[in-house]
>>> print(open('protein-v6.tsv').read())   # TSV, N, CA and C atoms
chain	number	residue	atom	x	y	z
E	149	MET	N	11.72	55.65	26.80
E	149	MET	CA	11.58	54.52	27.66
E	149	MET	C	10.21	53.89	27.51
E	150	ASN	N	10.18	52.90	26.68
E	150	ASN	CA	8.91	52.22	26.41
E	150	ASN	C	8.96	50.81	26.96
E	151	ASN	N	9.53	50.63	28.13
E	151	ASN	CA	9.65	49.32	28.73
E	151	ASN	C	8.59	49.09	29.80
E	152	GLN	N	7.43	49.63	29.64
E	152	GLN	CA	6.38	49.48	30.64
E	152	GLN	C	5.70	48.12	30.46
E	153	GLN	N	5.19	47.60	31.54
E	153	GLN	CA	4.42	46.37	31.51
E	153	GLN	C	3.05	46.65	30.91
E	154	PRO	N	2.49	45.68	30.14
E	154	PRO	CA	1.13	45.88	29.63
E	154	PRO	C	0.14	45.82	30.79
E	155	PRO	N	-1.01	46.42	30.62
E	155	PRO	CA	-2.03	46.35	31.68
E	155	PRO	C	-2.41	44.91	31.99
E	156	TYR	N	-3.05	44.72	33.14
E	156	TYR	CA	-3.45	43.40	33.61
E	156	TYR	C	-4.35	42.72	32.58
E	157	ASN	N	-4.17	41.38	32.32
E	157	ASN	CA	-4.95	40.55	31.40
E	157	ASN	C	-4.73	40.91	29.93
E	158	GLN	N	-3.67	41.56	29.58
E	158	GLN	CA	-3.39	41.84	28.17
E	158	GLN	C	-2.02	41.29	27.82
E	159	GLN	N	-1.93	40.77	26.61
E	159	GLN	CA	-0.68	40.21	26.11
E	159	GLN	C	0.19	41.32	25.53
E	160	PRO	N	1.48	41.22	25.65
E	160	PRO	CA	2.34	42.19	24.99
E	160	PRO	C	2.29	41.97	23.47
E	161	GLN	N	2.48	43.00	22.71
E	161	GLN	CA	2.42	42.92	21.25
E	161	GLN	C	3.80	42.50	20.72
E	162	TYR	N	3.79	41.46	19.94
E	162	TYR	CA	5.01	40.96	19.33
E	162	TYR	C	4.97	41.23	17.84
E	163	GLY	N	6.07	40.98	17.15
E	163	GLY	CA	6.17	41.17	15.71
E	163	GLY	C	5.37	40.09	14.97
E	164	PRO	N	5.47	40.05	13.65
E	164	PRO	CA	4.72	39.05	12.86
E	164	PRO	C	5.19	37.64	13.19
E	165	GLN	N	4.23	36.75	13.34
E	165	GLN	CA	4.50	35.37	13.67
E	165	GLN	C	4.66	34.55	12.38
E	166	PRO	N	5.46	33.48	12.42
E	166	PRO	CA	5.59	32.64	11.21
E	166	PRO	C	4.28	31.89	10.95
E	167	GLN	N	3.99	31.71	9.67
E	167	GLN	CA	2.78	31.00	9.27
E	167	GLN	C	3.12	29.53	9.09
E	168	TYR	N	2.36	28.67	9.76
E	168	TYR	CA	2.58	27.24	9.65
E	168	TYR	C	1.49	26.66	8.76
E	169	GLY	N	1.86	25.68	7.97
E	169	GLY	CA	0.88	25.04	7.10
E	169	GLY	C	1.56	24.05	6.17
E	170	TYR	N	0.84	23.66	5.14
E	170	TYR	CA	1.33	22.63	4.24
E	170	TYR	C	2.38	23.15	3.27
E	171	ASN	N	2.45	24.44	3.03
E	171	ASN	CA	3.38	24.97	2.06
E	171	ASN	C	4.76	25.23	2.64
E	172	GLN	N	4.91	25.08	3.92
E	172	GLN	CA	6.19	25.33	4.54
E	172	GLN	C	7.09	24.11	4.40
E	173	PRO	N	8.38	24.28	4.14
E	173	PRO	CA	9.27	23.11	4.07
E	173	PRO	C	9.42	22.49	5.46
E	174	GLN	N	9.41	21.20	5.48
E	174	GLN	CA	9.52	20.48	6.75
E	174	GLN	C	10.98	20.12	6.99
E	175	TYR	N	11.42	20.30	8.20
E	175	TYR	CA	12.78	19.95	8.57
E	175	TYR	C	12.81	18.47	8.93
E	176	ASN	N	13.68	17.74	8.29
E	176	ASN	CA	13.83	16.31	8.57
E	176	ASN	C	15.27	16.08	9.02
E	177	PRO	N	15.49	15.78	10.30
E	177	PRO	CA	16.86	15.60	10.78
E	177	PRO	C	17.51	14.31	10.29
E	178	TYR	N	16.76	13.41	9.67
E	178	TYR	CA	17.28	12.11	9.25
E	178	TYR	C	17.63	12.04	7.78
E	179	GLY	N	17.62	13.13	7.07
E	179	GLY	CA	18.00	13.12	5.67
E	179	GLY	C	16.85	13.53	4.77
E	180	PRO	N	16.91	13.14	3.49
E	180	PRO	CA	15.86	13.55	2.56
E	180	PRO	C	14.53	12.89	2.90
E	181	PRO	N	13.43	13.49	2.48
E	181	PRO	CA	12.12	12.90	2.81
E	181	PRO	C	11.91	11.57	2.10
E	182	GLN	N	11.10	10.73	2.72
E	182	GLN	CA	10.81	9.43	2.14
E	182	GLN	C	9.79	9.58	1.02
E	183	PRO	N	9.94	8.79	-0.05
E	183	PRO	CA	8.91	8.81	-1.08
E	183	PRO	C	7.66	8.08	-0.57
E	184	VAL	N	6.60	8.19	-1.33
E	184	VAL	CA	5.34	7.56	-0.95
E	184	VAL	C	5.51	6.04	-0.99
E	185	LYS	N	4.97	5.37	0.01
E	185	LYS	CA	5.07	3.91	0.10
E	185	LYS	C	4.25	3.28	-1.02
E	186	PRO	N	4.83	2.37	-1.80
E	186	PRO	CA	4.06	1.73	-2.87
E	186	PRO	C	3.02	0.77	-2.29
E	187	ASN	N	2.00	0.52	-3.08
E	187	ASN	CA	0.95	-0.40	-2.66
E	187	ASN	C	1.53	-1.80	-2.56
E	188	ASN	N	1.19	-2.52	-1.50
E	188	ASN	CA	1.75	-3.85	-1.34
E	188	ASN	C	0.81	-4.95	-1.83
E	189	TYR	N	-0.43	-4.66	-2.12
E	189	TYR	CA	-1.40	-5.63	-2.66
E	189	TYR	C	-1.59	-6.83	-1.74
E	190	MET	N	-1.46	-6.62	-0.43
E	190	MET	CA	-1.60	-7.73	0.51
E	190	MET	C	-3.02	-8.29	0.54
E	191	GLY	N	-4.01	-7.41	0.51
E	191	GLY	CA	-5.40	-7.89	0.52
E	191	GLY	C	-5.72	-8.71	-0.72
E	192	LEU	N	-5.28	-8.23	-1.88
E	192	LEU	CA	-5.51	-8.97	-3.12
E	192	LEU	C	-4.76	-10.30	-3.10
E	193	ALA	N	-3.56	-10.31	-2.54
E	193	ALA	CA	-2.78	-11.55	-2.47
E	193	ALA	C	-3.47	-12.58	-1.57
E	194	ILE	N	-4.04	-12.14	-0.46
E	194	ILE	CA	-4.75	-13.06	0.43
E	194	ILE	C	-6.01	-13.58	-0.25
E	195	PHE	N	-6.73	-12.69	-0.95
E	195	PHE	CA	-7.92	-13.12	-1.69
E	195	PHE	C	-7.54	-14.17	-2.75
E	196	CYS	N	-6.45	-13.92	-3.47
E	196	CYS	CA	-6.02	-14.86	-4.50
E	196	CYS	C	-5.62	-16.20	-3.90
E	197	THR	N	-5.00	-16.17	-2.74
E	197	THR	CA	-4.60	-17.42	-2.09
E	197	THR	C	-5.82	-18.23	-1.67
E	198	ILE	N	-6.83	-17.57	-1.15
E	198	ILE	CA	-8.02	-18.28	-0.67
E	198	ILE	C	-8.92	-18.73	-1.81
E	199	CYS	N	-9.12	-17.85	-2.79
E	199	CYS	CA	-10.15	-18.11	-3.81
E	199	CYS	C	-9.63	-18.59	-5.15
E	200	CYS	N	-8.40	-18.32	-5.49
E	200	CYS	CA	-7.96	-18.60	-6.87
E	200	CYS	C	-6.97	-19.76	-6.93
E	201	CYS	N	-5.73	-19.49	-6.61
E	201	CYS	CA	-4.68	-20.50	-6.74
E	201	CYS	C	-3.77	-20.40	-5.53
E	202	LEU	N	-3.62	-21.48	-4.83
E	202	LEU	CA	-2.89	-21.48	-3.57
E	202	LEU	C	-1.41	-21.19	-3.75
E	203	ILE	N	-0.77	-21.84	-4.70
E	203	ILE	CA	0.69	-21.71	-4.85
E	203	ILE	C	1.08	-20.29	-5.26
E	204	THR	N	0.47	-19.77	-6.31
E	204	THR	CA	0.82	-18.42	-6.76
E	204	THR	C	0.34	-17.38	-5.76
E	205	GLY	N	-0.72	-17.66	-5.02
E	205	GLY	CA	-1.18	-16.74	-3.99
E	205	GLY	C	-0.19	-16.62	-2.85
E	206	ILE	N	0.44	-17.73	-2.47
E	206	ILE	CA	1.44	-17.69	-1.40
E	206	ILE	C	2.66	-16.88	-1.85
E	207	ILE	N	3.06	-17.06	-3.11
E	207	ILE	CA	4.18	-16.27	-3.63
E	207	ILE	C	3.83	-14.79	-3.64
E	208	ALA	N	2.57	-14.47	-4.00
E	208	ALA	CA	2.13	-13.07	-3.99
E	208	ALA	C	2.16	-12.50	-2.57
E	209	ILE	N	1.79	-13.29	-1.58
E	209	ILE	CA	1.83	-12.82	-0.19
E	209	ILE	C	3.28	-12.54	0.23
E	210	MET	N	4.21	-13.40	-0.18
E	210	MET	CA	5.62	-13.18	0.17
E	210	MET	C	6.15	-11.91	-0.49
E	211	LYS	N	5.78	-11.68	-1.75
E	211	LYS	CA	6.22	-10.46	-2.44
E	211	LYS	C	5.59	-9.22	-1.80
E	212	ALA	N	4.32	-9.33	-1.38
E	212	ALA	CA	3.66	-8.20	-0.74
E	212	ALA	C	4.32	-7.88	0.61
E	213	ASN	N	4.76	-8.89	1.31
E	213	ASN	CA	5.46	-8.66	2.57
E	213	ASN	C	6.83	-8.03	2.32
E	214	ASN	N	7.47	-8.37	1.21
E	214	ASN	CA	8.77	-7.78	0.88
E	214	ASN	C	8.66	-6.28	0.63
E	215	VAL	N	7.51	-5.82	0.15
E	215	VAL	CA	7.32	-4.38	-0.07
E	215	VAL	C	7.49	-3.64	1.25
E	216	ASN	N	6.84	-4.11	2.30
E	216	ASN	CA	6.95	-3.46	3.61
E	216	ASN	C	8.37	-3.54	4.15
E	217	SER	N	9.04	-4.69	3.96
E	217	SER	CA	10.39	-4.85	4.49
E	217	SER	C	11.37	-3.93	3.78
E	218	PHE	N	11.31	-3.88	2.45
E	218	PHE	CA	12.22	-3.03	1.70
E	218	PHE	C	11.98	-1.55	2.00
E	219	TYR	N	10.72	-1.16	2.15
E	219	TYR	CA	10.42	0.24	2.45
E	219	TYR	C	10.96	0.62	3.83
E	220	ALA	N	10.85	-0.28	4.79
E	220	ALA	CA	11.36	0.00	6.13
E	220	ALA	C	12.89	0.11	6.14
E	221	MET	N	13.56	-0.61	5.23
E	221	MET	CA	15.02	-0.55	5.14
E	221	MET	C	15.49	0.57	4.22
E	222	ARG	N	14.56	1.41	3.76
E	222	ARG	CA	14.84	2.55	2.88
E	222	ARG	C	15.40	2.13	1.53
E	223	GLN	N	15.02	0.95	1.07
E	223	GLN	CA	15.38	0.50	-0.27
E	223	GLN	C	14.16	0.69	-1.16
E	224	TYR	N	13.98	1.92	-1.62
E	224	TYR	CA	12.74	2.31	-2.27
E	224	TYR	C	12.59	1.69	-3.66
E	225	ASP	N	13.68	1.54	-4.40
E	225	ASP	CA	13.59	0.91	-5.72
E	225	ASP	C	13.22	-0.57	-5.58
E	226	ALA	N	13.80	-1.24	-4.60
E	226	ALA	CA	13.46	-2.64	-4.38
E	226	ALA	C	12.01	-2.77	-3.91
E	227	ALA	N	11.51	-1.82	-3.14
E	227	ALA	CA	10.11	-1.85	-2.70
E	227	ALA	C	9.17	-1.68	-3.88
E	228	ASN	N	9.51	-0.77	-4.82
E	228	ASN	CA	8.69	-0.61	-6.02
E	228	ASN	C	8.71	-1.86	-6.88
E	229	LEU	N	9.86	-2.50	-7.01
E	229	LEU	CA	9.96	-3.72	-7.78
E	229	LEU	C	9.16	-4.84	-7.13
E	230	ALA	N	9.25	-4.98	-5.82
E	230	ALA	CA	8.47	-6.01	-5.11
E	230	ALA	C	6.98	-5.74	-5.23
E	231	SER	N	6.58	-4.47	-5.26
E	231	SER	CA	5.17	-4.13	-5.43
E	231	SER	C	4.66	-4.58	-6.80
E	232	SER	N	5.44	-4.31	-7.84
E	232	SER	CA	5.01	-4.73	-9.18
E	232	SER	C	5.02	-6.25	-9.31
E	233	GLU	N	5.98	-6.93	-8.66
E	233	GLU	CA	5.99	-8.39	-8.69
E	233	GLU	C	4.80	-8.97	-7.95
E	234	ALA	N	4.43	-8.38	-6.83
E	234	ALA	CA	3.25	-8.85	-6.09
E	234	ALA	C	2.00	-8.69	-6.93
E	235	LYS	N	1.89	-7.57	-7.63
E	235	LYS	CA	0.74	-7.35	-8.51
E	235	LYS	C	0.71	-8.39	-9.63
E	236	ASN	N	1.87	-8.65	-10.24
E	236	ASN	CA	1.93	-9.64	-11.32
E	236	ASN	C	1.56	-11.04	-10.82
E	237	TRP	N	2.04	-11.42	-9.64
E	237	TRP	CA	1.69	-12.73	-9.11
E	237	TRP	C	0.20	-12.82	-8.79
E	238	CYS	N	-0.39	-11.73	-8.33
E	238	CYS	CA	-1.83	-11.73	-8.08
E	238	CYS	C	-2.61	-11.90	-9.39
E	239	ILE	N	-2.16	-11.22	-10.43
E	239	ILE	CA	-2.84	-11.35	-11.73
E	239	ILE	C	-2.73	-12.78	-12.25
E	240	TRP	N	-1.53	-13.35	-12.16
E	240	TRP	CA	-1.36	-14.74	-12.60
E	240	TRP	C	-2.21	-15.70	-11.77
E	241	SER	N	-2.33	-15.44	-10.50
E	241	SER	CA	-3.15	-16.30	-9.65
E	241	SER	C	-4.62	-16.24	-10.06
E	242	ILE	N	-5.10	-15.05	-10.38
E	242	ILE	CA	-6.49	-14.91	-10.81
E	242	ILE	C	-6.70	-15.61	-12.14
E	243	VAL	N	-5.77	-15.45	-13.08
E	243	VAL	CA	-5.89	-16.09	-14.39
E	243	VAL	C	-5.88	-17.60	-14.25
E	244	ILE	N	-4.95	-18.14	-13.48
E	244	ILE	CA	-4.89	-19.60	-13.28
E	244	ILE	C	-6.16	-20.10	-12.60
E	245	GLY	N	-6.64	-19.38	-11.60
E	245	GLY	CA	-7.88	-19.79	-10.94
E	245	GLY	C	-9.07	-19.79	-11.88
E	246	LEU	N	-9.17	-18.78	-12.75
E	246	LEU	CA	-10.27	-18.75	-13.72
E	246	LEU	C	-10.16	-19.90	-14.72
E	247	VAL	N	-8.96	-20.18	-15.20
E	247	VAL	CA	-8.79	-21.28	-16.16
E	247	VAL	C	-9.15	-22.61	-15.51
E	248	ILE	N	-8.73	-22.84	-14.31
E	248	ILE	CA	-9.04	-24.10	-13.62
E	248	ILE	C	-10.54	-24.21	-13.37
E	249	ASN	N	-11.17	-23.14	-12.92
E	249	ASN	CA	-12.61	-23.21	-12.65
E	249	ASN	C	-13.43	-23.37	-13.91
E	250	VAL	N	-13.07	-22.67	-14.98
E	250	VAL	CA	-13.81	-22.83	-16.25
E	250	VAL	C	-13.60	-24.23	-16.79
E	251	GLY	N	-12.36	-24.74	-16.73
E	251	GLY	CA	-12.12	-26.12	-17.17
E	251	GLY	C	-12.90	-27.13	-16.34
E	252	TYR	N	-12.98	-26.91	-15.05
E	252	TYR	CA	-13.75	-27.80	-14.19
E	252	TYR	C	-15.23	-27.78	-14.56
E	253	LEU	N	-15.77	-26.59	-14.81
E	253	LEU	CA	-17.18	-26.51	-15.20
E	253	LEU	C	-17.44	-27.17	-16.53
E	254	ILE	N	-16.52	-27.06	-17.48
E	254	ILE	CA	-16.70	-27.71	-18.78
E	254	ILE	C	-16.66	-29.22	-18.64
E	255	ILE	N	-15.71	-29.74	-17.86
E	255	ILE	CA	-15.59	-31.19	-17.72
E	255	ILE	C	-16.76	-31.75	-16.93
E	256	VAL	N	-17.07	-31.17	-15.79
E	256	VAL	CA	-18.17	-31.68	-14.96
E	256	VAL	C	-19.51	-31.44	-15.64
E	257	GLY	N	-19.67	-30.28	-16.28
E	257	GLY	CA	-20.91	-30.02	-17.01
E	257	GLY	C	-21.07	-30.96	-18.19
E	258	GLY	N	-19.97	-31.30	-18.85
E	258	GLY	CA	-20.03	-32.26	-19.96
E	258	GLY	C	-20.37	-33.65	-19.48
E	259	MET	N	-19.87	-34.02	-18.31
E	259	MET	CA	-20.19	-35.34	-17.76
E	259	MET	C	-21.65	-35.43	-17.36
E	260	GLY	N	-22.18	-34.37	-16.86
E	260	GLY	CA	-23.58	-34.37	-16.45
E	260	GLY	C	-24.51	-34.40	-17.66
E	261	ALA	N	-24.10	-33.82	-18.77
E	261	ALA	CA	-24.95	-33.78	-19.95
E	261	ALA	C	-24.73	-34.99	-20.85
E	262	ALA	N	-23.66	-35.78	-20.66
E	262	ALA	CA	-23.34	-36.91	-21.52
E	262	ALA	C	-24.45	-37.96	-21.57
E	263	PRO	N	-25.10	-38.36	-20.50
E	263	PRO	CA	-26.16	-39.38	-20.63
E	263	PRO	C	-27.33	-38.93	-21.47
E	264	PHE	N	-27.59	-37.63	-21.58
E	264	PHE	CA	-28.73	-37.17	-22.35
E	264	PHE	C	-28.48	-37.22	-23.86
E	265	PHE	N	-27.24	-37.28	-24.27
E	265	PHE	CA	-26.94	-37.39	-25.71
E	265	PHE	C	-27.24	-38.76	-26.26
E	266	PHE	N	-27.27	-39.75	-25.42
E	266	PHE	CA	-27.48	-41.12	-25.89
E	266	PHE	C	-28.94	-41.53	-25.87
E	267	LEU	N	-29.84	-40.69	-25.51
E	267	LEU	CA	-31.26	-41.04	-25.49
E	267	LEU	C	-31.88	-40.99	-26.84
>>> encode(input="protein-v6.tsv", output="structure tokens")
Amino acid sequence: MNNQQPPYNQQPQYGPQPQYGYNQPQYNPYGPPQPVKPNNYMGLAIFCTICCCLITGIIAIMKANNVNSFYAMRQYDAANLASSEAKNWCIWSIVIGLVINVGYLIIVGGMGAAPFFFL
């Protein structure tokens, strides 16, 4: 008969406790675990809209917003595709902005230097 109460202020001894941590499988009642959310490039898209090219920047913002929407609807392949499209639109916006700015500097710089060639 070992059913005695432990002395006052002492815990009863139990068997080995389960170890909790990162290596334990997590129970998900809603199905398989979600993959990592792809980058939406929203900050880069806003920068491109303000500083580079307005039209392609707006398209990049819409694609970046689609990444969040598709991920929330558990359409992970569509979210990855929208992420790569947002990145591509951001790159095109930067390229177009650089071409326009360099062309502007060549034209305006050429106009400013034109009177000095005739002296």
>>> atom_distance(input="protein-v6.tsv", atom1="atom N of Tyr224 of chain E", atom2="atom N of Ala193 of chain E")
21.4 Å
>>> residues_around(input="protein-v6.tsv", residues="Cys200 of chain E", least_positions_apart="5", cutoff="7 Å", atoms="all atoms listed in the file", output="count of residues only")
7
>>> atom_distance(input="protein-v6.tsv", atom1="atom N of Pro186 of chain E", atom2="atom N of Thr204 of chain E")
23.0 Å
>>> atom_distance(input="protein-v6.tsv", atom1="atom C of Pro183 of chain E", atom2="atom N of Met221 of chain E")
12.0 Å
>>> axis_aligned_box(input="protein-v6.tsv", around="segment 239-249 of chain E", padding_each_side="5 Å", output="JSON")
{"center_x": -7.4, "center_y": -17.7, "center_z": -12.9, "size_x": 22.1, "size_y": 23.0, "size_z": 16.5}
>>> closest_residue(input="protein-v6.tsv", among="E:Ile209, E:Ile255, E:Ala227, E:Ala220", to="Leu192 of chain E", atoms="only N, CA and C atoms")
E:Ile209
>>> residues_around(input="protein-v6.tsv", residues="Lys211 of chain E", least_positions_apart="3", cutoff="7 Å", atoms="all atoms listed in the file", output="list in words")
Asn188, Ile206, Ile207, Ala208, Asn214, Val215, Asn216, Ala230, Ser231, Glu233 and Ala234 of chain E
>>> write_last_selection(input="protein-v6.tsv", atoms="N, CA and C atoms", output="mmCIF file, keeping the file's coordinate frame")
data_model
loop_
_atom_site.group_PDB
_atom_site.id
_atom_site.type_symbol
_atom_site.label_atom_id
_atom_site.label_comp_id
_atom_site.auth_asym_id
_atom_site.auth_seq_id
_atom_site.Cartn_x
_atom_site.Cartn_y
_atom_site.Cartn_z
ATOM 1 N N ASN E 188 1.190 -2.520 -1.500
ATOM 2 C CA ASN E 188 1.750 -3.850 -1.340
ATOM 3 C C ASN E 188 0.810 -4.950 -1.830
ATOM 4 N N ILE E 206 0.440 -17.730 -2.470
ATOM 5 C CA ILE E 206 1.440 -17.690 -1.400
ATOM 6 C C ILE E 206 2.660 -16.880 -1.850
ATOM 7 N N ILE E 207 3.060 -17.060 -3.110
ATOM 8 C CA ILE E 207 4.180 -16.270 -3.630
ATOM 9 C C ILE E 207 3.830 -14.790 -3.640
ATOM 10 N N ALA E 208 2.570 -14.470 -4.000
ATOM 11 C CA ALA E 208 2.130 -13.070 -3.990
ATOM 12 C C ALA E 208 2.160 -12.500 -2.570
ATOM 13 N N ASN E 214 7.470 -8.370 1.210
ATOM 14 C CA ASN E 214 8.770 -7.780 0.880
ATOM 15 C C ASN E 214 8.660 -6.280 0.630
ATOM 16 N N VAL E 215 7.510 -5.820 0.150
ATOM 17 C CA VAL E 215 7.320 -4.380 -0.070
ATOM 18 C C VAL E 215 7.490 -3.640 1.250
ATOM 19 N N ASN E 216 6.840 -4.110 2.300
ATOM 20 C CA ASN E 216 6.950 -3.460 3.610
ATOM 21 C C ASN E 216 8.370 -3.540 4.150
ATOM 22 N N ALA E 230 9.250 -4.980 -5.820
ATOM 23 C CA ALA E 230 8.470 -6.010 -5.110
ATOM 24 C C ALA E 230 6.980 -5.740 -5.230
ATOM 25 N N SER E 231 6.580 -4.470 -5.260
ATOM 26 C CA SER E 231 5.170 -4.130 -5.430
ATOM 27 C C SER E 231 4.660 -4.580 -6.800
ATOM 28 N N GLU E 233 5.980 -6.930 -8.660
ATOM 29 C CA GLU E 233 5.990 -8.390 -8.690
ATOM 30 C C GLU E 233 4.800 -8.970 -7.950
ATOM 31 N N ALA E 234 4.430 -8.380 -6.830
ATOM 32 C CA ALA E 234 3.250 -8.850 -6.090
ATOM 33 C C ALA E 234 2.000 -8.690 -6.930
#
>>> closest_residue(input="protein-v6.tsv", among="E:Tyr252, E:Arg222, E:Cys196, E:Gly258", to="Cys238 of chain E", atoms="all atoms listed in the file")
E:Cys196
>>> closest_residue(input="protein-v6.tsv", among="E:Pro180, E:Met259, E:Lys235, E:Val247", to="Ile194 of chain E", atoms="only C-alpha atoms")
E:Lys235
>>> closest_residue(input="protein-v6.tsv", among="E:Asn187, E:Gly257, E:Ile248, E:Thr197", to="Ser232 of chain E", atoms="only N, CA and C atoms")
E:Asn187
